[in-house]
Every structure is written in C-alpha cells, then in structure tokens.
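Q: Quick one: structure below, then a few questions.
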Amino acid sequence: MTRGSVHASSRTRREEQTRLLFAEFEMAGPSERHRIAIELVELNLPLCDALAARYRGRGVDLDDLVQVARAGLWVAIHRFRPADAPSFLSFAVPTITGELKRYFRDRCWVVRPPRRLQDLRALTSRARDDLEQATGRSVSTREIADHLGIDQRHIAECIIAGAGFRPPSLDAPVGDSATLGANISDDQDIAARVTDHLALQWALAGLTLREQKVIVWRYQDECTQTEIGDRLGLSQMQVSRILHHILDNTRRLLNAAPDTSGTLNRRSPRRRPSSLDVSSIVEGFSEPPIHSRNESIATLVFSGQTG
C-alpha cells in the first residue's frame, strides 16, 4: 500500500470517528460533552499541526502557531452543527485558518499598520513568490504592482510597513561583541552638538594659515608642542603661547557669539559643550585631517586648557 493511500485511509477513518463523536456530542449532557470534546481535540490534532505548518517561516515560532491552531480547533468543535455542514473538516479548516490569520493580524506586529496594509502585504508576498517562481529571478515593485493591478506606491508603502512586523532588536549582535544599538545610539544632545559645531566653525574661521596648521598638527595629528615647534622653527614655549592665544581668542568670541537674529548670545563661561570630533571642526582648513582624536577642541576652549 502506498503512502498516499495510507494517509487517505487514516483521514477517512478519522473523519468517520469524528462524525460518530459529534453524534454523541449532540445528545450528551454538560459533563459528558466536555469529555467528548477532549476526544475530538485529540483526534484532530494532526489537522492543527498541518494548518499551523502552512505559516511556518513568517517570523512566528511554530509552537505558538500550533497553540493558536489548537485553540481554533476547540472553538470549531463548539460551533459546529452537523446539520449545517457536510463534514467537520470543511467547517474546521476555515475556522482554524481564520484564528491563525487573526493572530498574525492582532498579536504579531510590533508596529501595527492599518488593516489594508496588512491584507496587501499578504497579497504582495504571494504575488512575489508566484512571479519569482515563474521568471526564475527577483522581481521589482513595478512588476508586482502590474501583476496585482495596484498602484506601485501602495506596494512600496506595504513593503515599508512590513518592516514593522519583526524589526531587528537593538540588542542583536553585530560582529564579535558590538550590538546594533551600540552602532546607532547616541546619549548626547544632537542639537547641542550641532550648535557647538556651528559656533566653533564660525569662531575658528578667522584663524591665520599658521594657526590653522597648529590646530591640525596638535589636535588632529597629535603632534607634541616640540614637534610643532620643529616644523615652524619655533621653541616649545612659543608654540604653547600660540595655542593659548588661539584658545583664548576663540573662547572670547564664543562667549559673545552672534545668534541667528543678529543679537549677541552671551554664553555662560561655565557651560561645557558636548564633545566634538576634531575632524569635523577642522573641515575646510588648508590641511585635511588624517585621523580622528577623542579630545575635543570645544572642551578645551570652554575649560581654559591649552592641550
């Protein structure tokens, strides 16, 4: 006997047992009905497993889908009326499938889009699979839209909304030790950083060519004051004075920097701006930065240090 005939025989036997149990179920009292319902559930568990397996690989654990399918089976058993349907199978399949679809729609979205986008996502997914199987290649959004007779913008909106079903966790590992959140998080005030960047850019724009070189060599190339002195033919003490002069002038300008309205913006001398990368500050200088340094010119300016 072939495997297909064995399965058909088993299904026929299960359907017959189900029919007989429902006949008892209709005539039984409350306590007896509960016992028969449990027997019906145990008899039809393979149906739940088969229907749940259809939705495997859609971002939900199979065990969760099986549980939902079994809950749907329990609902189908108590709603089924033998006189209204040719068989329990014809009633149970759409009932269980409906419970699975409702679970996806109501419980599985992390960011839940409108119902129309959820329905369109299912259509789009099936259309993409059909087209890729027929063409043997990846298909474009326009091809999917033409296949479904839908505006391409709606397909694009649906694809974007699909990212809300199971967005990646910020704790997801990236590389050996880092996480996704570590790459995108920033606990500093971005607005303050932008303000400091613009203010410093304005204040440092008036530096002479030699002063620009000193800034780049000291804070970007990490040269010592002695090394800078050797390049300029100056002593270390003279370089230190140049740095003091640059920072003192910059600090004075920033404490009375004009705002966008043209009035003076009196900064508190105790205010310390957020840390700025030197490479972003010296953009546009005569010598481009080589590599970044954690030390911040902004911090030095407001703290009064020379560096």
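Chain identifiers are assigned as A, B, and so on, following the order in which chains appear in the structure tokens; residues are numbered from 1 within each chain, and ligands are numbered from 1 in order of appearance.
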For stretch 78-84 of chain A, find every residue with an atom within 12 Å (counting only C-alpha atoms), except residues of its own chain fewer than 2 positions away, and show them as a short mmCIF file (atom, residue, chain, number, x, y, z; two decimals) with C-alpha atoms, in the first residue's frame.

A:
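Saved result, around_16.cif, follows:
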data_model
loop_
_atom_site.label_atom_id
_atom_site.label_comp_id
_atom_site.auth_asym_id
_atom_site.auth_seq_id
_atom_site.Cartn_x
_atom_site.Cartn_y
_atom_site.Cartn_z
CA THR A 18 -15.27 12.46 14.30
CA ARG A 19 -18.77 12.05 12.83
CA LEU A 20 -19.70 9.43 15.43
CA LEU A 21 -18.34 11.50 18.29
CA PHE A 22 -20.34 14.53 17.17
CA ALA A 23 -23.45 12.38 17.12
CA GLU A 24 -22.78 11.56 20.77
CA PHE A 25 -21.86 15.17 21.47
CA GLU A 26 -25.27 16.39 20.35
CA ARG A 33 -19.93 16.83 26.29
CA HIS A 34 -16.68 18.06 27.82
CA ILE A 36 -16.25 14.07 24.10
CA ALA A 37 -14.88 17.49 23.14
CA ILE A 38 -11.48 16.48 24.52
CA LEU A 40 -12.45 15.31 19.35
CA VAL A 41 -9.49 17.60 20.02
CA ALA A 71 -7.40 26.94 20.31
CA GLY A 72 -9.14 27.39 16.95
CA LEU A 73 -9.98 23.68 16.91
CA TRP A 74 -11.65 23.99 20.31
CA VAL A 75 -13.71 26.91 19.01
CA ALA A 76 -14.67 24.94 15.88
CA PRO A 86 -21.31 18.36 5.10
CA SER A 87 -18.38 17.47 7.38
CA PHE A 88 -16.48 18.77 10.37
CA LEU A 89 -13.33 19.14 8.24
CA SER A 90 -15.00 21.60 5.87
CA PHE A 91 -16.01 23.71 8.88
CA ALA A 92 -12.86 23.36 10.99
CA VAL A 93 -10.31 24.29 8.30
CA PRO A 94 -11.59 27.85 7.66
CA THR A 95 -12.24 28.35 11.38
CA ILE A 96 -8.69 27.38 12.40
#

Q: Give the strand (DSSP E) residues of stretch 52-274 of chain A, as DSSP finds them on the backbone, and put them as a ChimeraX atom specification.

A: /A:173-174,178-179,256-258,264-266

Q: Rounded to one decimal, what separation in Å do you get between atom CA of A:Ala127 and atom CA of A:Val139?

A: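 Going from atom CA of A:Ala127 over to atom CA of A:Val139 covers 9.8 Å.
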
Q: Name all residues at most 10 Å from A:Arg142 (count only C-alpha atoms; drop same-chain ones fewer than 5 positions away) and give them as a VMD selection string.

A: chain A and resid 147 to 148 150 to 153 155 to 156

Q: Please, could you write that set of residues out with N, CA and C atoms as a short mmCIF file (atom, residue, chain, number, x, y, z; two decimals), in the first residue's frame?

A:
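Result file follows (again.cif):
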data_model
loop_
_atom_site.label_atom_id
_atom_site.label_comp_id
_atom_site.auth_asym_id
_atom_site.auth_seq_id
_atom_site.Cartn_x
_atom_site.Cartn_y
_atom_site.Cartn_z
N HIS A 147 1.16 43.05 -11.74
CA HIS A 147 0.54 41.73 -11.58
C HIS A 147 -0.75 41.80 -10.77
N LEU A 148 -0.75 42.63 -9.74
CA LEU A 148 -1.93 42.75 -8.87
C LEU A 148 -2.90 43.83 -9.35
N ILE A 150 -2.40 47.10 -8.99
CA ILE A 150 -2.42 48.07 -7.89
C ILE A 150 -1.36 49.12 -8.16
N ASP A 151 -1.64 50.33 -7.70
CA ASP A 151 -0.66 51.41 -7.85
C ASP A 151 0.66 51.02 -7.17
N GLN A 152 1.76 51.32 -7.86
CA GLN A 152 3.08 50.96 -7.35
C GLN A 152 3.36 51.61 -6.01
N ARG A 153 2.82 52.79 -5.77
CA ARG A 153 3.05 53.47 -4.50
C ARG A 153 2.47 52.70 -3.33
N ILE A 155 2.20 49.43 -3.19
CA ILE A 155 3.09 48.28 -2.96
C ILE A 155 4.32 48.74 -2.16
N ALA A 156 4.88 49.88 -2.54
CA ALA A 156 6.05 50.41 -1.82
C ALA A 156 5.69 50.71 -0.37
#

Q: Can you list, as a list in words, every protein, DNA or RNA residue that comes within 10 Å of A:Val110 when you count only C-alpha atoms, leaving out same-chain residues fewer than 5 positions away?

A: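 The filter keeps Ala163, Gly164, Phe165, Arg166 and Pro167 of chain A.
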
Q: Go through stretch 149-273 of chain A and collect every residue that DSSP, computed from the backbone, puts in alpha helix (DSSP H); the answer should be as a ChimeraX atom specification.

A: /A:152-162,180-184,190-204,209-215,225-232,236-255

Q: Quick one, how far is atom CA of A:Arg210 from atom CA of A:Arg251?

A: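 Calculated distance between atom CA of A:Arg210 and atom CA of A:Arg251 is 18.8 Å.
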